[in-house]
>>> print(open('coords_15.txt').read())   # compact mmCIF, C-alpha atoms and all ligand atoms
# COMPACT_ATOMS: atom_id res chain seq x y z
CA MET A 33 26.98 20.00 -48.13
CA ALA A 34 30.74 19.34 -47.94
CA SER A 35 31.96 17.16 -45.06
CA SER A 36 35.46 18.70 -45.11
CA TRP A 37 36.43 22.24 -45.92
CA GLN A 38 39.11 24.92 -45.62
CA TYR A 39 38.88 28.66 -45.15
CA ALA A 40 41.49 31.44 -45.31
CA LEU A 41 41.06 35.17 -44.90
CA PRO A 42 44.12 37.43 -44.91
CA THR A 43 41.95 40.56 -44.88
CA ARG A 44 42.15 42.64 -41.70
CA ILE A 45 38.64 43.87 -40.94
CA VAL A 46 38.05 47.17 -39.16
CA PHE A 47 34.33 47.46 -38.40
CA GLY A 48 32.27 50.11 -36.65
CA ARG A 49 30.82 53.58 -36.68
CA GLY A 50 33.53 56.21 -37.03
CA SER A 51 36.06 53.84 -38.60
CA PHE A 52 36.06 55.96 -41.78
CA SER A 53 37.51 58.87 -39.83
CA ARG A 54 40.51 56.68 -38.90
CA LEU A 55 41.06 55.51 -42.48
CA ALA A 56 43.80 58.06 -43.28
CA GLU A 57 45.89 56.78 -40.37
CA GLU A 58 45.53 53.23 -41.65
CA LEU A 59 46.58 54.30 -45.14
CA ALA A 60 49.61 56.16 -43.79
CA ARG A 61 51.01 52.78 -42.67
CA LEU A 62 50.83 51.47 -46.24
CA GLY A 63 52.80 54.17 -48.05
CA ARG A 64 52.88 57.84 -49.00
CA ARG A 65 51.03 57.75 -52.32
CA GLY A 66 47.70 56.20 -53.13
CA LEU A 67 45.07 55.82 -55.85
CA ILE A 68 41.44 56.21 -54.75
CA VAL A 69 38.99 54.37 -57.04
CA SER A 70 35.42 55.65 -56.97
CA TYR A 71 32.48 56.64 -59.20
CA GLN A 72 32.48 58.82 -62.28
CA PRO A 73 31.46 62.48 -61.82
CA PRO A 74 29.15 63.60 -60.45
CA ASN A 75 30.40 61.22 -57.76
CA PRO A 76 27.76 60.83 -55.02
CA LEU A 77 30.66 60.16 -52.64
CA GLU A 78 32.51 63.38 -53.52
CA ASP A 79 32.33 64.69 -49.96
CA LEU A 80 33.82 61.47 -48.56
CA VAL A 81 36.66 61.59 -51.11
CA ASP A 82 37.31 65.27 -50.26
CA HIS A 83 37.27 64.56 -46.54
CA LEU A 84 39.70 61.68 -46.92
CA THR A 85 42.00 63.64 -49.25
CA ARG A 86 42.21 66.49 -46.73
CA GLN A 87 43.04 64.05 -43.92
CA LEU A 88 45.73 62.41 -46.05
CA LYS A 89 47.29 65.81 -46.80
CA VAL A 90 47.48 66.61 -43.10
CA LEU A 91 49.45 63.38 -42.64
CA GLY A 92 51.76 64.26 -45.56
CA LEU A 93 50.27 61.73 -47.98
CA GLU A 94 49.48 62.28 -51.65
CA SER A 95 46.50 60.78 -53.44
CA THR A 96 44.73 60.92 -56.78
CA CYS A 97 41.20 59.81 -57.57
CA PHE A 98 40.20 57.56 -60.46
CA GLY A 99 36.51 58.36 -60.66
CA GLY A 100 35.62 56.37 -63.73
CA LEU A 101 33.15 53.77 -62.51
CA SER A 102 29.39 53.56 -63.08
CA ASP A 103 28.81 49.78 -63.01
CA GLU A 104 30.91 46.63 -63.44
CA PRO A 105 34.25 47.51 -65.05
CA ASP A 106 35.24 46.28 -68.49
CA VAL A 107 38.79 45.61 -69.68
CA LEU A 108 39.22 49.16 -70.99
CA LYS A 109 38.26 50.64 -67.63
CA ILE A 110 40.68 48.34 -65.79
CA ALA A 111 43.47 49.28 -68.24
CA GLU A 112 42.70 52.99 -67.78
CA ALA A 113 42.80 52.68 -63.99
CA MET A 114 46.09 50.76 -64.12
CA GLU A 115 47.62 53.45 -66.30
CA ARG A 116 46.65 56.07 -63.72
CA LEU A 117 48.05 53.92 -60.94
CA ARG A 118 51.41 53.46 -62.72
CA ALA A 119 51.69 57.13 -63.70
CA PHE A 120 51.07 58.19 -60.11
CA ARG A 121 53.46 55.52 -58.71
CA ALA A 122 50.93 54.61 -56.04
CA ASP A 123 51.92 52.59 -52.96
CA TRP A 124 48.35 51.50 -52.28
CA VAL A 125 44.96 51.42 -53.96
CA LEU A 126 41.71 52.19 -52.18
CA GLY A 127 38.23 51.25 -53.42
CA LEU A 128 35.54 53.57 -52.07
CA GLY A 129 32.05 52.61 -53.22
CA GLY A 130 29.85 49.60 -53.96
CA GLY A 131 30.81 46.17 -55.27
CA SER A 132 31.90 47.30 -58.75
CA VAL A 133 34.25 49.92 -57.35
CA LEU A 134 35.77 47.47 -54.86
CA ASP A 135 36.15 44.84 -57.60
CA THR A 136 38.03 47.34 -59.76
CA ALA A 137 40.42 48.25 -56.95
CA LYS A 138 41.03 44.53 -56.28
CA LEU A 139 41.69 43.75 -59.94
CA ILE A 140 44.18 46.55 -60.54
CA GLY A 141 45.98 45.75 -57.28
CA TRP A 142 46.23 42.11 -58.31
CA LEU A 143 47.41 42.88 -61.85
CA THR A 144 50.12 45.28 -60.82
CA ALA A 145 52.76 42.56 -60.51
CA SER A 146 51.93 41.24 -63.96
CA GLN A 147 53.38 42.46 -67.21
CA LYS A 148 50.23 41.18 -68.92
CA PRO A 149 47.60 43.56 -70.28
CA ALA A 150 44.20 43.86 -68.58
CA SER A 151 42.70 42.07 -71.59
CA ALA A 152 44.30 38.84 -70.32
CA LEU A 153 41.78 38.87 -67.45
CA VAL A 154 38.96 37.66 -69.69
CA PRO A 155 38.68 34.85 -72.26
CA GLN A 156 38.54 35.83 -75.93
CA ASN A 157 36.22 33.04 -77.07
CA ILE A 158 33.98 30.27 -75.77
CA ALA A 159 36.65 27.56 -76.08
CA GLU A 160 39.03 29.58 -73.89
CA ALA A 161 36.21 30.32 -71.44
CA LYS A 162 35.57 26.58 -71.05
CA LEU A 163 39.26 25.87 -70.44
CA ARG A 164 39.42 28.53 -67.76
CA GLN A 165 36.24 27.28 -66.11
CA GLN A 166 37.64 23.74 -66.02
CA GLY A 167 40.81 25.05 -64.37
CA ARG A 168 38.76 26.95 -61.82
CA GLU A 169 36.74 23.85 -61.02
CA ARG A 170 39.91 21.86 -60.40
CA SER A 171 41.79 24.43 -58.33
CA GLY A 172 39.05 26.78 -57.16
CA GLU A 173 40.88 29.70 -58.68
CA GLU A 174 41.61 31.42 -61.96
CA CYS A 175 43.97 29.70 -64.44
CA PHE A 176 45.42 33.05 -65.33
CA SER A 177 47.45 33.80 -62.22
CA PRO A 178 49.72 36.81 -62.59
CA ALA A 179 50.53 36.98 -58.88
CA LYS A 180 49.81 35.01 -55.74
CA SER A 181 49.22 38.19 -53.80
CA PRO A 182 48.79 41.81 -54.83
CA SER A 183 52.05 43.67 -55.27
CA LEU A 184 50.55 46.66 -53.55
CA PRO A 185 47.99 46.70 -50.75
CA VAL A 186 44.31 47.00 -51.62
CA VAL A 187 42.00 48.67 -49.13
CA ALA A 188 38.24 48.14 -49.51
CA VAL A 189 35.79 50.65 -48.06
CA PRO A 190 32.20 49.66 -48.90
CA THR A 191 29.61 52.43 -49.03
CA THR A 192 26.75 50.01 -49.63
CA ALA A 193 25.72 46.90 -47.67
CA GLY A 194 25.31 44.22 -50.32
CA SER A 195 28.12 42.67 -52.34
CA GLY A 196 30.48 41.78 -49.48
CA SER A 197 33.29 42.34 -52.01
CA GLU A 198 35.39 43.87 -49.21
CA VAL A 199 36.13 40.34 -47.93
CA THR A 200 35.93 38.15 -51.05
CA GLU A 201 38.46 36.80 -53.51
CA VAL A 202 36.22 37.32 -56.53
CA ALA A 203 35.70 40.23 -58.93
CA VAL A 204 33.35 40.58 -61.89
CA ILE A 205 34.22 42.08 -65.29
CA ARG A 206 31.79 42.89 -68.06
CA CYS A 207 33.06 41.62 -71.42
CA SER A 208 32.10 40.33 -74.83
CA ILE A 209 33.49 37.07 -76.17
CA THR A 210 33.46 35.48 -79.58
CA ALA A 211 30.96 32.70 -80.13
CA SER A 212 30.82 30.70 -83.35
CA GLU A 213 27.41 30.93 -84.95
CA GLY A 214 27.99 28.78 -88.00
CA GLN A 215 30.82 27.69 -90.22
CA ASP A 216 31.58 31.13 -91.57
CA THR A 217 30.05 33.55 -89.11
CA GLU A 218 30.80 34.66 -85.59
CA LYS A 219 28.83 36.66 -83.07
CA GLN A 220 29.74 38.45 -79.88
CA LEU A 221 28.25 37.12 -76.67
CA PRO A 222 27.94 39.55 -73.73
CA VAL A 223 29.18 37.95 -70.52
CA LYS A 224 29.81 38.90 -66.91
CA TRP A 225 33.07 37.11 -66.20
CA THR A 226 34.07 36.27 -62.65
CA VAL A 227 37.75 36.24 -61.76
CA SER A 228 38.51 34.22 -58.64
CA HIS A 229 41.89 34.11 -56.93
CA PRO A 230 43.26 34.42 -53.37
CA GLY A 231 45.38 37.35 -54.57
CA LEU A 232 42.19 39.36 -55.01
CA ARG A 233 41.48 39.50 -51.29
CA PRO A 234 41.98 43.02 -49.94
CA ALA A 235 44.67 43.59 -47.32
CA LEU A 236 42.28 45.76 -45.30
CA ALA A 237 38.51 46.27 -45.17
CA VAL A 238 37.20 49.34 -43.35
CA ILE A 239 33.45 49.01 -42.81
CA ASP A 240 31.76 52.06 -41.33
CA PRO A 241 27.97 51.51 -41.11
CA SER A 242 27.34 55.24 -40.73
CA VAL A 243 28.17 55.82 -44.42
CA LEU A 244 24.86 54.08 -45.21
CA ASP A 245 23.13 57.17 -43.85
CA ARG A 246 23.51 58.70 -47.32
CA ALA A 247 22.00 55.69 -49.13
CA SER A 248 18.56 55.95 -50.76
CA PRO A 249 15.89 53.37 -49.80
CA GLU A 250 16.36 51.83 -53.25
CA LEU A 251 20.10 51.39 -52.67
CA LEU A 252 19.50 49.88 -49.23
CA TRP A 253 16.94 47.40 -50.59
CA ARG A 254 19.22 46.48 -53.50
CA GLY A 255 21.96 45.71 -51.01
CA VAL A 256 19.61 43.63 -48.85
CA ALA A 257 18.46 41.69 -51.94
CA ASP A 258 22.03 40.84 -52.94
CA ALA A 259 23.31 39.99 -49.46
CA LEU A 260 20.24 37.85 -48.72
CA ALA A 261 20.65 35.96 -52.00
CA GLN A 262 24.35 35.42 -51.42
CA ALA A 263 23.77 34.10 -47.91
CA ILE A 264 20.97 31.73 -48.94
CA GLU A 265 22.79 30.47 -52.03
CA ALA A 266 25.97 29.88 -49.99
CA TYR A 267 23.93 27.99 -47.36
CA LEU A 268 22.34 25.74 -49.99
CA SER A 269 25.55 25.30 -52.00
CA ARG A 270 27.09 21.86 -52.43
CA ALA A 271 30.35 23.42 -51.16
CA ALA A 272 28.79 24.75 -47.92
CA GLY A 273 30.60 23.83 -44.71
CA ASP A 274 30.05 24.38 -41.00
CA LEU A 275 31.83 27.73 -40.96
CA THR A 276 30.16 29.18 -44.07
CA ASN A 277 26.80 27.99 -42.73
CA LEU A 278 27.47 29.94 -39.56
CA PHE A 279 28.21 33.11 -41.56
CA ALA A 280 25.23 32.61 -43.88
CA ALA A 281 22.65 31.87 -41.19
CA GLU A 282 23.75 34.88 -39.13
CA ALA A 283 23.55 37.12 -42.22
CA VAL A 284 19.97 35.94 -42.84
CA ARG A 285 19.10 36.47 -39.17
CA LEU A 286 20.46 40.04 -39.16
CA ILE A 287 18.61 40.91 -42.37
CA GLY A 288 15.40 39.42 -40.98
CA GLU A 289 15.76 41.55 -37.84
CA SER A 290 16.38 44.69 -39.92
CA LEU A 291 13.43 44.40 -42.26
CA PRO A 292 10.67 45.96 -40.12
CA ALA A 293 12.87 48.96 -39.32
CA LEU A 294 14.02 49.22 -42.90
CA GLN A 295 10.41 49.47 -44.02
CA THR A 296 9.79 52.46 -41.78
CA ALA A 297 13.29 53.89 -41.32
CA ARG A 298 12.72 56.76 -43.69
CA SER A 299 9.34 57.68 -42.33
CA GLY A 300 10.42 58.45 -38.76
CA ALA A 301 11.56 61.84 -37.57
CA GLY A 302 14.20 63.44 -35.39
CA ASP A 303 16.20 61.49 -32.82
CA GLN A 304 13.97 58.43 -33.06
CA ARG A 305 14.69 58.11 -36.80
CA ALA A 306 18.45 58.37 -36.21
CA VAL A 307 18.44 55.69 -33.50
CA VAL A 308 16.47 53.28 -35.67
CA GLU A 309 18.64 53.81 -38.70
CA ASN A 310 21.96 53.56 -36.88
CA SER A 311 21.23 50.15 -35.47
CA VAL A 312 19.81 48.97 -38.79
CA PHE A 313 22.86 50.15 -40.69
CA GLU A 314 25.15 48.22 -38.37
CA LYS A 315 23.14 45.04 -38.83
CA LEU A 316 22.99 45.44 -42.62
CA SER A 317 26.73 46.17 -42.91
CA LEU A 318 27.55 43.14 -40.78
CA ALA A 319 25.10 40.94 -42.71
CA ALA A 320 26.62 41.95 -46.06
CA MET A 321 30.13 41.21 -44.78
CA LEU A 322 29.06 37.83 -43.37
CA ALA A 323 27.30 36.90 -46.61
CA GLY A 324 30.54 37.78 -48.41
CA LEU A 325 32.48 35.50 -46.06
CA ALA A 326 29.95 32.71 -46.70
CA LEU A 327 30.17 33.20 -50.48
CA ASN A 328 33.96 33.21 -50.28
CA GLY A 329 33.98 29.64 -48.99
CA ALA A 330 30.81 28.10 -50.41
CA GLY A 331 30.23 30.04 -53.63
CA VAL A 332 26.88 31.06 -55.06
CA THR A 333 24.48 29.01 -57.15
CA VAL A 334 21.87 29.18 -59.89
CA ALA A 335 20.27 32.55 -59.05
CA HIS A 336 23.58 34.41 -59.22
CA ALA A 337 24.51 32.47 -62.37
CA MET A 338 21.27 33.64 -63.99
CA ALA A 339 21.70 37.19 -62.66
CA HIS A 340 25.02 37.35 -64.49
CA GLY A 341 23.28 36.28 -67.70
CA LEU A 342 20.50 38.84 -67.19
CA GLY A 343 22.99 41.60 -66.38
CA ALA A 344 25.18 40.84 -69.40
CA VAL A 345 22.42 40.39 -71.99
CA LEU A 346 19.76 42.86 -70.75
CA GLY A 347 22.02 45.35 -68.96
CA TRP A 348 20.19 45.05 -65.62
CA PRO A 349 22.14 46.17 -62.53
CA HIS A 350 23.46 43.18 -60.58
CA ALA A 351 21.28 43.50 -57.47
CA ALA A 352 18.16 44.11 -59.55
CA ALA A 353 18.86 40.98 -61.62
CA VAL A 354 19.43 39.03 -58.40
CA ALA A 355 16.16 40.34 -56.93
CA VAL A 356 14.22 39.13 -59.98
CA ALA A 357 15.94 35.76 -60.47
CA SER A 358 16.13 34.69 -56.82
CA PRO A 359 12.43 34.06 -55.99
CA VAL A 360 12.01 31.73 -58.97
CA CYS A 361 15.26 29.89 -58.18
CA LEU A 362 14.55 29.54 -54.45
CA ARG A 363 11.08 28.09 -55.11
CA TRP A 364 12.62 25.68 -57.62
CA ASN A 365 15.36 24.61 -55.21
CA ALA A 366 12.91 24.39 -52.31
CA ALA A 367 10.96 21.72 -54.14
CA ALA A 368 13.92 19.35 -53.69
CA ASN A 369 15.60 20.76 -50.54
CA ALA A 370 12.82 21.46 -48.08
CA SER A 371 14.62 20.23 -44.97
CA ARG A 372 17.74 22.31 -45.66
CA ILE A 373 15.66 25.46 -46.15
CA LEU A 374 13.67 24.81 -42.98
CA GLU A 375 16.96 24.32 -41.15
CA LEU A 376 18.14 27.74 -42.37
CA ARG A 377 14.84 29.31 -41.34
CA ASP A 378 15.19 27.92 -37.83
CA ARG A 379 18.89 28.78 -37.48
CA ALA A 380 18.17 32.33 -38.64
CA GLY A 381 15.23 32.62 -36.24
CA TRP A 382 13.12 33.81 -39.14
CA GLY A 383 9.96 31.86 -38.39
CA HIS A 384 10.11 32.94 -34.75
CA ARG A 385 10.56 36.58 -35.74
CA ALA A 386 7.62 36.59 -38.12
CA SER A 387 5.24 34.68 -35.88
CA SER A 388 6.09 36.43 -32.60
CA SER A 389 6.26 40.01 -33.78
CA GLY A 390 3.64 39.93 -36.49
CA ASN A 391 6.03 41.88 -38.73
CA ARG A 392 5.98 41.19 -42.42
CA ALA A 393 8.54 42.19 -45.05
CA THR A 394 5.76 43.16 -47.45
CA PRO A 395 1.97 43.15 -47.14
CA ALA A 396 1.82 40.23 -49.59
CA LEU A 397 3.78 37.88 -47.34
CA LYS A 398 2.32 34.67 -46.05
CA PRO A 399 2.75 33.56 -42.44
CA PRO A 400 5.34 30.82 -41.90
CA GLU A 401 4.27 27.20 -41.82
CA PRO A 402 4.60 25.27 -38.56
CA ALA A 403 8.15 24.00 -38.07
CA GLY A 404 8.99 20.80 -39.91
CA GLU A 405 6.14 20.90 -42.39
CA SER A 406 6.84 23.00 -45.44
CA PRO A 407 9.32 25.76 -46.31
CA GLU A 408 6.72 27.59 -48.38
CA GLY A 409 5.94 30.31 -45.84
CA PHE A 410 9.64 31.14 -45.35
CA VAL A 411 10.34 30.99 -49.07
CA GLU A 412 7.47 33.37 -49.85
CA GLU A 413 8.51 35.79 -47.12
CA ILE A 414 12.04 35.88 -48.53
CA ALA A 415 10.59 36.24 -52.05
CA GLY A 416 8.68 39.27 -50.78
CA VAL A 417 11.94 40.96 -49.82
CA TRP A 418 13.36 40.41 -53.30
CA ARG A 419 10.09 41.60 -54.85
CA GLN A 420 10.32 44.83 -52.88
CA ALA A 421 13.87 45.41 -54.13
CA ALA A 422 12.90 44.63 -57.74
CA LYS A 423 9.97 47.06 -57.51
CA LEU A 424 12.18 49.88 -56.25
CA ALA A 425 14.76 49.14 -58.96
CA CYS A 426 12.02 49.52 -61.63
CA VAL A 427 13.24 46.47 -63.57
CA GLU A 428 11.51 46.11 -66.91
CA ILE A 429 11.88 44.09 -70.07
CA ALA A 430 11.49 46.12 -73.23
CA GLN A 431 11.70 43.27 -75.73
CA PRO A 432 9.53 40.22 -76.46
CA ILE A 433 10.45 37.00 -74.64
CA THR A 434 11.50 35.02 -77.72
CA PRO A 435 13.28 31.64 -77.93
CA GLU A 436 16.30 33.53 -79.31
CA LEU A 437 16.44 35.75 -76.22
CA ILE A 438 16.15 32.75 -73.90
CA ASP A 439 18.90 30.97 -75.84
CA ARG A 440 21.22 33.99 -75.55
CA LEU A 441 20.60 34.21 -71.80
CA VAL A 442 21.27 30.50 -71.35
CA GLN A 443 24.44 30.67 -73.43
CA SER A 444 25.83 33.70 -71.57
CA THR A 445 25.06 32.02 -68.22
CA GLU A 446 26.59 28.69 -69.20
CA VAL A 447 29.77 30.39 -70.42
CA SER A 448 30.24 32.54 -67.31
CA SER A 449 28.93 30.40 -64.47
CA VAL A 450 29.80 26.72 -64.87
CA LEU A 451 30.89 26.47 -61.24
CA GLY A 452 27.83 28.31 -59.89
CA LEU A 453 25.54 25.93 -61.77
CA ARG A 454 27.47 22.89 -60.49
CA LEU A 455 27.28 24.10 -56.89
CA ASN A 456 23.50 24.38 -57.02
CA PRO A 457 21.89 21.80 -54.70
CA ARG A 458 19.58 20.67 -57.49
CA ARG A 459 21.10 19.60 -60.82
CA VAL A 460 20.57 22.32 -63.45
CA THR A 461 20.17 21.15 -67.05
CA ARG A 462 20.11 23.43 -70.09
CA GLU A 463 16.34 22.85 -70.30
CA ASN A 464 15.92 23.76 -66.61
CA LEU A 465 17.86 26.96 -67.18
CA ALA A 466 15.74 27.93 -70.20
CA GLU A 467 12.53 27.26 -68.24
CA LEU A 468 13.77 29.25 -65.23
CA PHE A 469 14.66 32.20 -67.49
CA ARG A 470 11.19 32.10 -69.07
CA GLU A 471 9.63 32.15 -65.63
CA VAL A 472 11.88 34.98 -64.42
CA LEU A 473 11.18 37.19 -67.46
CA THR A 474 7.45 36.52 -67.22
CA SER A 475 7.50 37.46 -63.52
CA VAL A 476 8.97 40.86 -64.45
CA GLN A 477 5.82 41.61 -66.44
CA SER A 478 3.55 40.77 -63.50
CA PRO A 479 1.81 43.58 -61.54
CA ASP A 480 3.69 42.44 -58.39
CA ILE A 481 6.91 43.90 -59.76
CA THR A 482 5.91 46.50 -62.33
FE FE B 501 25.81 39.33 -55.66
>>> encode(input="coords_15.txt", output="structure tokens")
Amino acid sequence: MASSWQYALPTRIVFGRGSFSRLAEELARLGRRGLIVSYQPPNPLEDLVDHLTRQLKVLGLESTCFGGLSDEPDVLKIAEAMERLRAFRADWVLGLGGGSVLDTAKLIGWLTASQKPASALVPQNIAEAKLRQQGRERSGEECFSPAKSPSLPVVAVPTTAGSGSEVTEVAVIRCSITASEGQDTEKQLPVKWTVSHPGLRPALAVIDPSVLDRASPELLWRGVADALAQAIEAYLSRAAGDLTNLFAAEAVRLIGESLPALQTARSGAGDQRAVVENSVFEKLSLAAMLAGLALNGAGVTVAHAMAHGLGAVLGWPHAAAVAVASPVCLRWNAAANASRILELRDRAGWGHRASSSGNRATPALKPPEPAGESPEGFVEEIAGVWRQAAKLACVEIAQPITPELIDRLVQSTEVSSVLGLRLNPRRVTRENLAELFREVLTSVQSPDIT
């Protein structure tokens, strides 16, 4: 844990039920024309986009929707969105959706001041990737810095409770970079590349928990899996400080409180169901935001590094990859960081919640150990939450677990996540990473997940 730290957040946060209905007024202060970034048709958020567009019209504002997203953007998608933004002469850009949508809005807002193409966001080969990673380690931000702040305001409106992207200065791009295979041959290595820069922080985040009402149980659990992982990794990070610990522990506490209701939220009926869900949605939205704030200062560690490798090489959605990688990584880290994990358990009130209420995240969970003895009970209860999310996401591995596959996963992870691996509380060697990947892929084939 770091003994000195700094933290900056220029993002104005508007939080609460009904805040979406005031979004048009907020946007009116930023300019008359705006680009709304959302999902590709059929957009599950179509009604929200329509509602907002109508409100903007009433206020005399013009908007156009770029609905091209399905998962993390690639360079082509960013270039396409920027073209739309320029053609429309937008004064602001709004991201309405999950983490990938918000990341896209942040990236195109940040790039607007630059004359560089979107392709400059990602390295072309492994040597360039290493140079950029070294620069990021030194300064904490991307070497490629087209602007210190976005030239037009970015507004982030999350419709999931997971990534926390609405308050972070990072964005992830899917890309493929050249890797030398031998003297005369080259191969393409799939990578999830993280861009990190203060200019990526949105000017405004509007977080309305009531939009979660439309989310499926699978989407809610995916969000919980990601936010929980981000909070725990930030807490255990070598860059953690007092403030990020506060954010992370509170995020874990809120998620712990929400789990029993989340298990039964969809099975209730009538007014009782609405009351349960409303309070849960507020806690989950707040937890995701707090985990994002923790990540923003302390970073994430080996589980997110591996999730990027799994997502790039196997095409798994981010939260599903996190849900599968995190139990293995937390157990591995717990072996060398028991006191820190017990401290988090106590600060988050998790042991008290489980022992006093008798609630369990899944039927397979073990009761917590007495305080001060072993983190195993807490670790397994948390692992049960991730297992639930992985089950709902139907993660599967369709290919044999060969040394070549493990090597590709390790290589993709090492290229994309040098900093994440360095921030891990336990030193991660190449051999450790290969062994952890073997364990993660084997766990996917177990009856607990499949
Ligand atoms: Fe994440």
>>> residues_near_ligand(input="coords_15.txt", ligand="ligand FE 501 (chain B)", cutoff="9 Å", atoms="only C-alpha atoms and all ligand atoms", output="ChimeraX atom specification")
/A:131,194-197,255,257-259,261-262,324,332,336,339,350-351,354
>>> closest_residue(input="coords_15.txt", among="A:Arg454, A:Arg419, A:Arg116, A:Arg379", to="Ala271 (chain A)", atoms="all atoms listed in the file")
A:Arg454
>>> residues_around(input="coords_15.txt", residues="Ala380 (chain A)", least_positions_apart="2", cutoff="10 Å", atoms="only C-alpha atoms", output="list in words")
Leu278, Ala280, Ala281, Glu282, Ala283, Val284, Arg285, Leu286, Ile287, Gly288, Glu289, Leu374, Glu375, Leu376, Arg377, Asp378, Trp382, Gly383, His384 and Arg385 of chain A
>>> closest_residue(input="coords_15.txt", among="A:Gly231, A:Gly127, A:Gly63, A:Gly99", to="Thr43 (chain A)", atoms="only C-alpha atoms")
A:Gly231
>>> atom_distance(input="coords_15.txt", atom1="CA of Val427 (chain A)", atom2="CA of Glu471 (chain A)")
14.9 Å
>>> residues_around(input="coords_15.txt", residues="Ala119 (chain A)", least_positions_apart="4", cutoff="12 Å", atoms="only C-alpha atoms", output="mmCIF file with C-alpha atoms, in the coordinates of the input")
data_model
loop_
_atom_site.group_PDB
_atom_site.id
_atom_site.type_symbol
_atom_site.label_atom_id
_atom_site.label_comp_id
_atom_site.auth_asym_id
_atom_site.auth_seq_id
_atom_site.Cartn_x
_atom_site.Cartn_y
_atom_site.Cartn_z
ATOM 1 C CA ARG A 65 51.030 57.750 -52.320
ATOM 2 C CA GLY A 66 47.700 56.200 -53.130
ATOM 3 C CA LEU A 67 45.070 55.820 -55.850
ATOM 4 C CA THR A 96 44.730 60.920 -56.780
ATOM 5 C CA PHE A 98 40.200 57.560 -60.460
ATOM 6 C CA GLU A 112 42.700 52.990 -67.780
ATOM 7 C CA ALA A 113 42.800 52.680 -63.990
ATOM 8 C CA MET A 114 46.090 50.760 -64.120
ATOM 9 C CA GLU A 115 47.620 53.450 -66.300
ATOM 10 C CA ASP A 123 51.920 52.590 -52.960
#
>>> residues_around(input="coords_15.txt", residues="Leu128 (chain A)", least_positions_apart="6", cutoff="9 Å", atoms="only C-alpha atoms", output="CSV table (one decimal) with C-alpha atoms, in the coordinates of the input")
chain,number,residue,atom,x,y,z
A,68,ILE,CA,41.4,56.2,-54.8
A,69,VAL,CA,39.0,54.4,-57.0
A,70,SER,CA,35.4,55.6,-57.0
A,71,TYR,CA,32.5,56.6,-59.2
A,77,LEU,CA,30.7,60.2,-52.6
A,80,LEU,CA,33.8,61.5,-48.6
A,81,VAL,CA,36.7,61.6,-51.1
A,134,LEU,CA,35.8,47.5,-54.9
A,137,ALA,CA,40.4,48.2,-57.0
A,187,VAL,CA,42.0,48.7,-49.1
A,188,ALA,CA,38.2,48.1,-49.5
A,189,VAL,CA,35.8,50.6,-48.1
A,190,PRO,CA,32.2,49.7,-48.9
A,191,THR,CA,29.6,52.4,-49.0
>>> atom_distance(input="coords_15.txt", atom1="CA of Asp106 (chain A)", atom2="CA of Ile205 (chain A)")
5.4 Å
>>> closest_residue(input="coords_15.txt", among="A:Leu453, A:Ala56, A:Ile239, A:Val107", to="His340 (chain A)", atoms="all atoms listed in the file")
A:Leu453
